[in-house]
2 protein chains.
Amino acid sequence: MSKKALTREAILQQAVRSASQIGISRLTIGSLAEQSGLSKSGLFAHFGSKEALQLAVVQAAQAQFVEEVVKPAFTQPRGMARLRALFHAWVMRLYGSSMPGGCPLLAAAYEFDDQPGAIRDALVAGQRWQRDTLQRLLQDAQDAGELAAGSHVPLLAFMLFGLIQSAHHDHQLLDNHHSAQLALQGFAQLCGTAAPRTDGAST
Amino acid sequence: MSKKALTREAILQQAVRSASQIGISRLTIGSLAEQSGLSKSGLFAHFGSKEALQLAVVQAAQAQFVEEVVKPAFTQPRGMARLRALFHAWVMRLYGSSMPGGCPLLAAAYEFDDQPGAIRDALVAGQRWQRDTLQRLLQDAQDAGELAAGSHVPLLAFMLFGLIQSAHHDHQLLDNHHSAQLALQGFAQLCGTAAPRTDGAST
DNA sequence: CTCAAAAAAGAACGATCGTGCTATTTTGCA
DNA sequence: TGCAAAATAGCACGATCGTTCTTTTTTGAG
């Protein structure tokens with residue numbers, strides 16, 4: 001890999017961490033340069049504009065999601081095992097050290113939902129892809145007979161994504177130490193699989 | 001009401017609308033003054049600092065939530081009726097004209113979850129109160145025998161709040177026209193009540 | 001109507017940020 | 001090792017923002 005690409009990767013890795021804490025729209029070239037050991041203009045030359053930098057950060061965060069959540073899940077056999085692996089990794093990622101300030105993509109969804117442009121477009125595409133992936137694994141599980149035949153798959157995907165967001169909210173803002181457990185219990189209740197014991201009654 | 005208080009109310013009402021679109025942390029005194037027909041220093045004098053202004057915006061948005069969601073629900077009889085009224089109003093508010101850019105409190109939760117200070121403290125208190133209110137109405141419904149006796153109330157509150165967030169996300173970012181319907185269907189499935197027809201099978 | 005107090009306006013400041021331009025250093029191939 | 005090209009640094013600019021200070025306008029009670 002060229003020197004330029006290496007430096008760019010290092011910048012983006014640090015930028016994703018910073019974006020996790022302060023949000024993508026509040027990244028500044030100056031502080032990012034300082035954190036990367038570069039000068040403002042040196043860092044700037046890698047991207048050409050702040051918006052291009054922010055877009056690169058979004059794409060880096062999306063790539064990181066695929067590496068940490070989607071790819072590991074696909075090592076599991078198709079069906080409920082793969083679905084559960086995806087959801088668990090997705091939830092557990094909220095508590096890892098790679099995103100100390102929360103998921104930058106979820107935060108960006110709120111930051112840019114009213115700001116048309118390339119960044120919003122990238123976020124929309126990425127979130128649609130996440131949702132589609134989740135829905136596809138749900139459908140696979142249902143086709144394999146591991147999910148109630150009458151389940152409404154789009155609704156399930158909608159609710160599972162809600163569990164992710166609720167876990168993020170409870171963890172980052174409310175400091176609820178049970179948030180991960182609640183998300184996993186919710187998954188178990190919705191997808192009808194055995195799970196960490198508590199109580200999964202629903203009629 | 002004094003002139004000062006009237007002007008302050010008008011400023012805050014406009015500020016909440018703006019915060020809905022750009023977020024509380026990106027409010028600027030200059031543009032807020034322009035929108036209110038005041039000068040920068042004229043508006044500034046009402047709050048004394050930008051942080052105080054932002055804090056006032058948070059409190060105004062929280063008060064608006066109580067007026068539009070909580071108070072109407074409490075006109076319903078205790079139990080499932082009141083719970084359903086709360087949830088429906090909560091969801092429907094996401095589609096009203098008072099918050100064109102989404103819920104400023106949900107957005108602020110992401111903006112300030114890593115920024116200690118008075119604003120974050122106010123957000124935490126407000127979100128805890130929202131969750132407690134939801135949980136209390138769930139408990140009431142369960143005590144009235146209108147909710148499965150084995151239901152895990154904190155988990156249900158966690159999941160219902162996830163539905164709100166998922167609806168917000170789908171509506172604001174993904175432009176999913178079924179988001180409100182999905183949230184209401186999710187409520188029906190979780191709380192076991194009849195709801196808009198589609199299919200609520202689970203087992 | 002008067003006039004003191006309240007409210008708002010106007011102008012200016014220091015700081016920060018994105019960006020463009022030029023000079024300097026570093027890289028990697030001949 | 002020499003040298004062109006790539007990468008980075010240095011510097012300055014215009015713009016924007018929060019804030020302060022002073023002046024002007026507006027308000028409302030006597």
# chains A, B, ... in the order shown; residues from 1 in each chain; ligands from 1
$ interface_residues --of "chain D" --to "chain A" --cutoff "10 Å" --atoms "only C-alpha atoms (C1' of nucleotides)" --output "compact mmCIF listing (two decimals) with C-alpha atoms (C1' of nucleotides), in the first residue's frame"
# COMPACT_ATOMS: atom_id res chain seq x y z
C1' DA D 6 4.86 12.93 -4.08
C1' DA D 7 3.78 14.25 0.51
C1' DT D 8 3.74 17.51 4.02
C1' DA D 9 4.48 21.99 6.33
C1' DG D 10 3.97 27.04 6.84
$ residues_around --residues "stretch 12-25 of chain D" --least-positions-apart "6" --cutoff "9 Å" --atoms "only C-alpha atoms (C1' of nucleotides)" --output "list in words"
Thr28, Ile29, Gly30, Ser41, Phe44, Ser49 and Lys50 of chain B; DA7, DA8, DA9, DG10, DA11, DA12, DC13, DA15, DT16, DC17, DT19 and DG20 of chain C
$ write_last_selection --atoms "N, CA, C and O atoms (P, O5', C5', C4', C3', O3' and C1' of nucleotides)" --output "mmCIF file, in the first residue's frame"
data_model
loop_
_atom_site.group_PDB
_atom_site.id
_atom_site.type_symbol
_atom_site.label_atom_id
_atom_site.label_comp_id
_atom_site.auth_asym_id
_atom_site.auth_seq_id
_atom_site.Cartn_x
_atom_site.Cartn_y
_atom_site.Cartn_z
ATOM 1 N N THR B 28 -27.302 28.657 16.051
ATOM 2 C CA THR B 28 -26.441 29.817 16.198
ATOM 3 C C THR B 28 -27.285 31.022 16.587
ATOM 4 O O THR B 28 -28.429 31.163 16.149
ATOM 5 N N ILE B 29 -26.693 31.868 17.392
ATOM 6 C CA ILE B 29 -27.414 33.022 17.908
ATOM 7 C C ILE B 29 -27.779 33.959 16.758
ATOM 8 O O ILE B 29 -28.862 34.535 16.742
ATOM 9 N N GLY B 30 -26.902 34.075 15.790
ATOM 10 C CA GLY B 30 -27.160 34.957 14.665
ATOM 11 C C GLY B 30 -28.390 34.547 13.871
ATOM 12 O O GLY B 30 -29.302 35.351 13.669
ATOM 13 N N SER B 41 -27.403 40.704 19.665
ATOM 14 C CA SER B 41 -27.235 41.052 21.079
ATOM 15 C C SER B 41 -28.582 41.109 21.793
ATOM 16 O O SER B 41 -28.667 40.811 22.980
ATOM 17 N N PHE B 44 -29.342 37.574 22.524
ATOM 18 C CA PHE B 44 -28.358 37.058 23.480
ATOM 19 C C PHE B 44 -28.712 37.462 24.915
ATOM 20 O O PHE B 44 -28.553 36.679 25.852
ATOM 21 N N SER B 49 -25.853 33.235 27.670
ATOM 22 C CA SER B 49 -24.803 32.419 27.066
ATOM 23 C C SER B 49 -25.457 31.443 26.109
ATOM 24 O O SER B 49 -26.662 31.175 26.191
ATOM 25 N N LYS B 50 -24.671 30.898 25.223
ATOM 26 C CA LYS B 50 -25.221 29.946 24.279
ATOM 27 C C LYS B 50 -25.655 28.671 24.982
ATOM 28 O O LYS B 50 -26.686 28.078 24.647
ATOM 29 P P DA C 7 -37.410 43.464 30.476
ATOM 30 O "O5'" DA C 7 -37.148 43.776 28.933
ATOM 31 C "C5'" DA C 7 -38.121 44.534 28.213
ATOM 32 C "C4'" DA C 7 -37.573 44.930 26.866
ATOM 33 C "C3'" DA C 7 -36.827 43.827 26.116
ATOM 34 O "O3'" DA C 7 -37.431 43.663 24.849
ATOM 35 C "C1'" DA C 7 -35.576 45.848 26.118
ATOM 36 P P DA C 8 -36.938 42.475 23.857
ATOM 37 O "O5'" DA C 8 -36.019 43.283 22.832
ATOM 38 C "C5'" DA C 8 -36.569 44.441 22.205
ATOM 39 C "C4'" DA C 8 -35.449 45.215 21.513
ATOM 40 C "C3'" DA C 8 -34.566 44.393 20.582
ATOM 41 O "O3'" DA C 8 -34.726 44.863 19.262
ATOM 42 C "C1'" DA C 8 -33.289 45.866 21.944
ATOM 43 P P DA C 9 -33.847 44.269 18.064
ATOM 44 O "O5'" DA C 9 -32.722 45.393 17.873
ATOM 45 C "C5'" DA C 9 -33.129 46.757 17.814
ATOM 46 C "C4'" DA C 9 -31.912 47.651 17.608
ATOM 47 C "C3'" DA C 9 -30.942 47.158 16.531
ATOM 48 O "O3'" DA C 9 -30.587 48.253 15.717
ATOM 49 C "C1'" DA C 9 -29.793 47.490 18.586
ATOM 50 P P DG C 10 -29.847 48.037 14.306
ATOM 51 O "O5'" DG C 10 -28.371 48.598 14.554
ATOM 52 C "C5'" DG C 10 -28.184 49.684 15.444
ATOM 53 C "C4'" DG C 10 -26.701 49.851 15.736
ATOM 54 C "C3'" DG C 10 -25.773 49.228 14.684
ATOM 55 O "O3'" DG C 10 -24.836 50.209 14.281
ATOM 56 C "C1'" DG C 10 -25.196 48.483 16.872
ATOM 57 P P DA C 11 -23.788 49.931 13.053
ATOM 58 O "O5'" DA C 11 -22.402 49.800 13.809
ATOM 59 C "C5'" DA C 11 -22.168 50.578 14.968
ATOM 60 C "C4'" DA C 11 -20.948 50.051 15.712
ATOM 61 C "C3'" DA C 11 -19.876 49.426 14.807
ATOM 62 O "O3'" DA C 11 -18.611 49.929 15.175
ATOM 63 C "C1'" DA C 11 -20.477 47.930 16.529
ATOM 64 P P DA C 12 -17.309 49.612 14.248
ATOM 65 O "O5'" DA C 12 -16.408 48.745 15.226
ATOM 66 C "C5'" DA C 12 -16.373 49.093 16.607
ATOM 67 C "C4'" DA C 12 -15.882 47.919 17.423
ATOM 68 C "C3'" DA C 12 -14.724 47.142 16.771
ATOM 69 O "O3'" DA C 12 -13.598 47.161 17.631
ATOM 70 C "C1'" DA C 12 -16.414 45.663 17.581
ATOM 71 P P DC C 13 -12.174 46.621 17.061
ATOM 72 O "O5'" DC C 13 -11.924 45.289 17.873
ATOM 73 C "C5'" DC C 13 -11.919 45.333 19.301
ATOM 74 C "C4'" DC C 13 -11.959 43.926 19.856
ATOM 75 C "C3'" DC C 13 -11.183 42.920 19.034
ATOM 76 O "O3'" DC C 13 -9.780 42.949 19.353
ATOM 77 C "C1'" DC C 13 -13.311 42.030 19.746
ATOM 78 P P DA C 15 -7.596 35.488 21.485
ATOM 79 O "O5'" DA C 15 -8.443 34.228 21.018
ATOM 80 C "C5'" DA C 15 -9.726 34.002 21.604
ATOM 81 C "C4'" DA C 15 -10.481 32.988 20.787
ATOM 82 C "C3'" DA C 15 -9.587 31.958 20.078
ATOM 83 O "O3'" DA C 15 -10.003 30.650 20.424
ATOM 84 C "C1'" DA C 15 -11.120 32.968 18.532
ATOM 85 P P DT C 16 -9.159 29.396 19.909
ATOM 86 O "O5'" DT C 16 -10.066 28.883 18.692
ATOM 87 C "C5'" DT C 16 -11.473 28.787 18.866
ATOM 88 C "C4'" DT C 16 -12.122 28.411 17.553
ATOM 89 C "C3'" DT C 16 -11.326 27.368 16.744
ATOM 90 O "O3'" DT C 16 -12.197 26.338 16.342
ATOM 91 C "C1'" DT C 16 -11.865 29.236 15.391
ATOM 92 P P DC C 17 -11.623 24.959 15.824
ATOM 93 O "O5'" DC C 17 -12.095 24.956 14.309
ATOM 94 C "C5'" DC C 17 -13.448 25.331 14.003
ATOM 95 C "C4'" DC C 17 -13.557 25.723 12.550
ATOM 96 C "C3'" DC C 17 -12.761 24.826 11.614
ATOM 97 O "O3'" DC C 17 -13.637 23.999 10.872
ATOM 98 C "C1'" DC C 17 -12.541 27.155 11.052
ATOM 99 P P DT C 19 -13.544 23.261 3.024
ATOM 100 O "O5'" DT C 19 -12.423 24.204 2.398
ATOM 101 C "C5'" DT C 19 -12.765 25.545 2.065
ATOM 102 C "C4'" DT C 19 -11.533 26.308 1.633
ATOM 103 C "C3'" DT C 19 -10.640 25.600 0.593
ATOM 104 O "O3'" DT C 19 -10.713 26.335 -0.619
ATOM 105 C "C1'" DT C 19 -9.374 26.692 2.291
ATOM 106 P P DG C 20 -10.067 25.708 -1.925
ATOM 107 O "O5'" DG C 20 -8.821 26.680 -2.193
ATOM 108 C "C5'" DG C 20 -9.033 28.085 -2.225
ATOM 109 C "C4'" DG C 20 -7.698 28.809 -2.268
ATOM 110 C "C3'" DG C 20 -6.704 28.248 -3.298
ATOM 111 O "O3'" DG C 20 -6.135 29.328 -4.034
ATOM 112 C "C1'" DG C 20 -5.721 28.269 -1.123
#
$ atom_distance --atom1 "atom CA of A:Ala188" --atom2 "atom CA of B:Gln139"
21.7 Å
$ select_by_dssp --residues "stretch 150-187 of chain A" --states "alpha helix (DSSP H)" --output "list in words"
Val153, Pro154, Leu155, Leu156, Ala157, Phe158, Met159, Leu160, Phe161, Gly162, Leu163, Ile164, Gln165, Ser166, Ala167, His168, His169, Asp170, His171, Gln172, Ser179, Ala180, Gln181, Leu182, Ala183, Leu184, Gln185, Gly186 and Phe187 of chain A
$ residues_around --residues "A:Arg82" --least-positions-apart "2" --cutoff "10 Å" --atoms "only C-alpha atoms (C1' of nucleotides)" --output "list in words"
Val70, Pro72, Ala73, Phe74, Thr75, Gln76, Pro77, Arg78, Gly79, Met80, Arg84, Ala85, Leu86, Phe87, His88, Leu137, Leu138, Asp140 and Ala141 of chain A
$ write_last_selection --atoms "N, CA, C and O atoms" --output "mmCIF file, in the first residue's frame"
data_model
loop_
_atom_site.group_PDB
_atom_site.id
_atom_site.type_symbol
_atom_site.label_atom_id
_atom_site.label_comp_id
_atom_site.auth_asym_id
_atom_site.auth_seq_id
_atom_site.Cartn_x
_atom_site.Cartn_y
_atom_site.Cartn_z
ATOM 1 N N VAL A 70 -20.961 -8.037 10.089
ATOM 2 C CA VAL A 70 -21.579 -8.828 9.023
ATOM 3 C C VAL A 70 -20.713 -10.030 8.659
ATOM 4 O O VAL A 70 -21.194 -11.170 8.622
ATOM 5 N N PRO A 72 -18.310 -11.712 10.297
ATOM 6 C CA PRO A 72 -18.303 -12.819 11.271
ATOM 7 C C PRO A 72 -19.610 -13.610 11.257
ATOM 8 O O PRO A 72 -19.588 -14.834 11.415
ATOM 9 N N ALA A 73 -20.734 -12.906 11.076
ATOM 10 C CA ALA A 73 -22.021 -13.621 11.079
ATOM 11 C C ALA A 73 -22.085 -14.617 9.937
ATOM 12 O O ALA A 73 -22.666 -15.706 10.073
ATOM 13 N N PHE A 74 -21.474 -14.260 8.821
ATOM 14 C CA PHE A 74 -21.563 -15.139 7.657
ATOM 15 C C PHE A 74 -20.644 -16.358 7.762
ATOM 16 O O PHE A 74 -20.604 -17.170 6.843
ATOM 17 N N THR A 75 -19.917 -16.459 8.843
ATOM 18 C CA THR A 75 -19.192 -17.711 9.085
ATOM 19 C C THR A 75 -20.123 -18.746 9.712
ATOM 20 O O THR A 75 -19.769 -19.919 9.797
ATOM 21 N N GLN A 76 -21.276 -18.318 10.167
ATOM 22 C CA GLN A 76 -22.254 -19.223 10.755
ATOM 23 C C GLN A 76 -23.152 -19.787 9.650
ATOM 24 O O GLN A 76 -23.357 -19.140 8.622
ATOM 25 N N PRO A 77 -23.718 -20.976 9.876
ATOM 26 C CA PRO A 77 -24.612 -21.559 8.866
ATOM 27 C C PRO A 77 -25.871 -20.706 8.693
ATOM 28 O O PRO A 77 -26.369 -20.127 9.653
ATOM 29 N N ARG A 78 -26.343 -20.666 7.486
ATOM 30 C CA ARG A 78 -27.527 -19.897 7.164
ATOM 31 C C ARG A 78 -28.694 -20.304 8.064
ATOM 32 O O ARG A 78 -28.857 -21.476 8.414
ATOM 33 N N GLY A 79 -29.498 -19.345 8.446
ATOM 34 C CA GLY A 79 -30.651 -19.626 9.292
ATOM 35 C C GLY A 79 -30.547 -18.885 10.620
ATOM 36 O O GLY A 79 -29.914 -17.823 10.702
ATOM 37 N N MET A 80 -31.142 -19.435 11.631
ATOM 38 C CA MET A 80 -31.202 -18.754 12.926
ATOM 39 C C MET A 80 -29.814 -18.531 13.510
ATOM 40 O O MET A 80 -29.562 -17.496 14.132
ATOM 41 N N ARG A 84 -28.725 -14.916 14.607
ATOM 42 C CA ARG A 84 -28.375 -14.609 15.995
ATOM 43 C C ARG A 84 -26.957 -14.056 16.086
ATOM 44 O O ARG A 84 -26.693 -13.115 16.839
ATOM 45 N N ALA A 85 -26.059 -14.613 15.310
ATOM 46 C CA ALA A 85 -24.671 -14.117 15.327
ATOM 47 C C ALA A 85 -24.629 -12.657 14.889
ATOM 48 O O ALA A 85 -23.919 -11.838 15.474
ATOM 49 N N LEU A 86 -25.400 -12.330 13.860
ATOM 50 C CA LEU A 86 -25.434 -10.939 13.386
ATOM 51 C C LEU A 86 -25.938 -10.016 14.480
ATOM 52 O O LEU A 86 -25.305 -9.000 14.799
ATOM 53 N N PHE A 87 -27.070 -10.393 15.055
ATOM 54 C CA PHE A 87 -27.672 -9.505 16.050
ATOM 55 C C PHE A 87 -26.768 -9.360 17.276
ATOM 56 O O PHE A 87 -26.573 -8.249 17.779
ATOM 57 N N HIS A 88 -26.223 -10.470 17.733
ATOM 58 C CA HIS A 88 -25.372 -10.402 18.926
ATOM 59 C C HIS A 88 -24.145 -9.534 18.676
ATOM 60 O O HIS A 88 -23.785 -8.702 19.500
ATOM 61 N N LEU A 137 -31.550 -12.162 6.414
ATOM 62 C CA LEU A 137 -31.237 -13.250 7.346
ATOM 63 C C LEU A 137 -32.490 -13.715 8.080
ATOM 64 O O LEU A 137 -32.636 -14.907 8.384
ATOM 65 N N LEU A 138 -33.381 -12.787 8.358
ATOM 66 C CA LEU A 138 -34.661 -13.183 8.964
ATOM 67 C C LEU A 138 -35.430 -14.097 8.015
ATOM 68 O O LEU A 138 -35.981 -15.128 8.419
ATOM 69 N N ASP A 140 -34.252 -15.944 5.647
ATOM 70 C CA ASP A 140 -33.560 -17.239 5.575
ATOM 71 C C ASP A 140 -33.963 -18.119 6.754
ATOM 72 O O ASP A 140 -34.228 -19.316 6.590
ATOM 73 N N ALA A 141 -33.999 -17.523 7.936
ATOM 74 C CA ALA A 141 -34.358 -18.293 9.122
ATOM 75 C C ALA A 141 -35.787 -18.792 9.028
ATOM 76 O O ALA A 141 -36.093 -19.924 9.416
#
$ residues_around --residues "A:Leu156" --least-positions-apart "5" --cutoff "10 Å" --atoms "only C-alpha atoms (C1' of nucleotides)" --output "list in words"
Leu134, Gln135, Leu138, Ser151, Phe161, Gly162, Phe187, Leu190 and Cys191 of chain A; Leu182 and Gly186 of chain B
$ write_last_selection --atoms "C-alpha atoms" --output "PDB file, in the first residue's frame"
ATOM      1  CA  LEU A 134     -31.062  -8.056   8.587  1.00  0.00           C
ATOM      2  CA  GLN A 135     -34.267  -8.742   6.702  1.00  0.00           C
ATOM      3  CA  LEU A 138     -34.661 -13.183   8.964  1.00  0.00           C
ATOM      4  CA  SER A 151     -43.993 -13.821  11.397  1.00  0.00           C
ATOM      5  CA  PHE A 161     -33.346  -2.474  14.677  1.00  0.00           C
ATOM      6  CA  GLY A 162     -35.329  -0.709  17.371  1.00  0.00           C
ATOM      7  CA  PHE A 187     -34.284 -10.739  20.376  1.00  0.00           C
ATOM      8  CA  LEU A 190     -39.207 -11.737  19.120  1.00  0.00           C
ATOM      9  CA  CYS A 191     -37.452 -14.577  17.357  1.00  0.00           C
TER      10      CYS A 191
ATOM     11  CA  LEU B 182     -44.923  -0.735  11.709  1.00  0.00           C
ATOM     12  CA  GLY B 186     -45.171  -3.643  16.905  1.00  0.00           C
TER      13      GLY B 186
END
$ residues_around --residues "C:DA30" --least-positions-apart "4" --cutoff "12 Å" --atoms "only C-alpha atoms (C1' of nucleotides)" --output "list in words"
DT1, DG2, DC3 and DA4 of chain D
$ write_last_selection --atoms "C-alpha atoms (C1' of nucleotides)" --output "mmCIF file, in the first residue's frame"
data_model
loop_
_atom_site.group_PDB
_atom_site.id
_atom_site.type_symbol
_atom_site.label_atom_id
_atom_site.label_comp_id
_atom_site.auth_asym_id
_atom_site.auth_seq_id
_atom_site.Cartn_x
_atom_site.Cartn_y
_atom_site.Cartn_z
ATOM 1 C "C1'" DT D 1 23.349 8.382 -5.283
ATOM 2 C "C1'" DG D 2 20.720 11.850 -7.867
ATOM 3 C "C1'" DC D 3 16.357 13.741 -8.824
ATOM 4 C "C1'" DA D 4 11.709 14.206 -10.177
#
$ decode --residues "stretch 31-52 of chain B" --atoms "N, CA and C atoms" --output "PDB file, in the first residue's frame"
ATOM      1  N   SER B  31     -28.434  33.324  13.433  1.00  0.00           N
ATOM      2  CA  SER B  31     -29.568  32.904  12.598  1.00  0.00           C
ATOM      3  C   SER B  31     -30.847  32.836  13.423  1.00  0.00           C
ATOM      4  N   LEU B  32     -30.721  32.491  14.688  1.00  0.00           N
ATOM      5  CA  LEU B  32     -31.903  32.467  15.550  1.00  0.00           C
ATOM      6  C   LEU B  32     -32.459  33.885  15.721  1.00  0.00           C
ATOM      7  N   ALA B  33     -31.556  34.856  15.824  1.00  0.00           N
ATOM      8  CA  ALA B  33     -31.992  36.244  15.952  1.00  0.00           C
ATOM      9  C   ALA B  33     -32.712  36.689  14.685  1.00  0.00           C
ATOM     10  N   GLU B  34     -32.147  36.304  13.566  1.00  0.00           N
ATOM     11  CA  GLU B  34     -32.754  36.679  12.284  1.00  0.00           C
ATOM     12  C   GLU B  34     -34.163  36.098  12.174  1.00  0.00           C
ATOM     13  N   GLN B  35     -34.298  34.817  12.534  1.00  0.00           N
ATOM     14  CA  GLN B  35     -35.606  34.168  12.448  1.00  0.00           C
ATOM     15  C   GLN B  35     -36.615  34.776  13.413  1.00  0.00           C
ATOM     16  N   SER B  36     -36.129  35.356  14.498  1.00  0.00           N
ATOM     17  CA  SER B  36     -37.030  35.932  15.492  1.00  0.00           C
ATOM     18  C   SER B  36     -37.226  37.428  15.288  1.00  0.00           C
ATOM     19  N   GLY B  37     -36.529  37.989  14.299  1.00  0.00           N
ATOM     20  CA  GLY B  37     -36.649  39.424  14.070  1.00  0.00           C
ATOM     21  C   GLY B  37     -35.972  40.252  15.137  1.00  0.00           C
ATOM     22  N   LEU B  38     -34.916  39.720  15.696  1.00  0.00           N
ATOM     23  CA  LEU B  38     -34.168  40.457  16.708  1.00  0.00           C
ATOM     24  C   LEU B  38     -32.724  40.615  16.254  1.00  0.00           C
ATOM     25  N   SER B  39     -31.995  41.428  16.984  1.00  0.00           N
ATOM     26  CA  SER B  39     -30.560  41.521  16.726  1.00  0.00           C
ATOM     27  C   SER B  39     -29.848  40.443  17.532  1.00  0.00           C
ATOM     28  N   LYS B  40     -28.627  40.157  17.142  1.00  0.00           N
ATOM     29  CA  LYS B  40     -27.861  39.150  17.864  1.00  0.00           C
ATOM     30  C   LYS B  40     -27.783  39.466  19.357  1.00  0.00           C
ATOM     31  N   SER B  41     -27.403  40.704  19.665  1.00  0.00           N
ATOM     32  CA  SER B  41     -27.235  41.052  21.079  1.00  0.00           C
ATOM     33  C   SER B  41     -28.582  41.109  21.793  1.00  0.00           C
ATOM     34  N   GLY B  42     -29.625  41.483  21.053  1.00  0.00           N
ATOM     35  CA  GLY B  42     -30.949  41.512  21.657  1.00  0.00           C
ATOM     36  C   GLY B  42     -31.386  40.123  22.087  1.00  0.00           C
ATOM     37  N   LEU B  43     -31.184  39.161  21.223  1.00  0.00           N
ATOM     38  CA  LEU B  43     -31.539  37.794  21.585  1.00  0.00           C
ATOM     39  C   LEU B  43     -30.618  37.267  22.675  1.00  0.00           C
ATOM     40  N   PHE B  44     -29.342  37.574  22.524  1.00  0.00           N
ATOM     41  CA  PHE B  44     -28.358  37.058  23.480  1.00  0.00           C
ATOM     42  C   PHE B  44     -28.712  37.462  24.915  1.00  0.00           C
ATOM     43  N   ALA B  45     -29.209  38.701  25.063  1.00  0.00           N
ATOM     44  CA  ALA B  45     -29.505  39.221  26.398  1.00  0.00           C
ATOM     45  C   ALA B  45     -30.554  38.379  27.116  1.00  0.00           C
ATOM     46  N   HIS B  46     -31.358  37.649  26.355  1.00  0.00           N
ATOM     47  CA  HIS B  46     -32.397  36.833  26.990  1.00  0.00           C
ATOM     48  C   HIS B  46     -31.834  35.608  27.709  1.00  0.00           C
ATOM     49  N   PHE B  47     -30.630  35.209  27.336  1.00  0.00           N
ATOM     50  CA  PHE B  47     -30.126  33.942  27.877  1.00  0.00           C
ATOM     51  C   PHE B  47     -28.762  34.075  28.542  1.00  0.00           C
ATOM     52  N   GLY B  48     -27.943  34.993  28.087  1.00  0.00           N
ATOM     53  CA  GLY B  48     -26.674  35.214  28.758  1.00  0.00           C
ATOM     54  C   GLY B  48     -25.525  34.379  28.244  1.00  0.00           C
ATOM     55  N   SER B  49     -25.853  33.235  27.670  1.00  0.00           N
ATOM     56  CA  SER B  49     -24.803  32.419  27.066  1.00  0.00           C
ATOM     57  C   SER B  49     -25.457  31.443  26.109  1.00  0.00           C
ATOM     58  N   LYS B  50     -24.671  30.898  25.223  1.00  0.00           N
ATOM     59  CA  LYS B  50     -25.221  29.946  24.279  1.00  0.00           C
ATOM     60  C   LYS B  50     -25.655  28.671  24.982  1.00  0.00           C
ATOM     61  N   GLU B  51     -24.895  28.258  25.959  1.00  0.00           N
ATOM     62  CA  GLU B  51     -25.254  27.034  26.668  1.00  0.00           C
ATOM     63  C   GLU B  51     -26.592  27.199  27.389  1.00  0.00           C
ATOM     64  N   ALA B  52     -26.809  28.375  27.972  1.00  0.00           N
ATOM     65  CA  ALA B  52     -28.087  28.615  28.646  1.00  0.00           C
ATOM     66  C   ALA B  52     -29.227  28.586  27.637  1.00  0.00           C
TER      67      ALA B  52
END
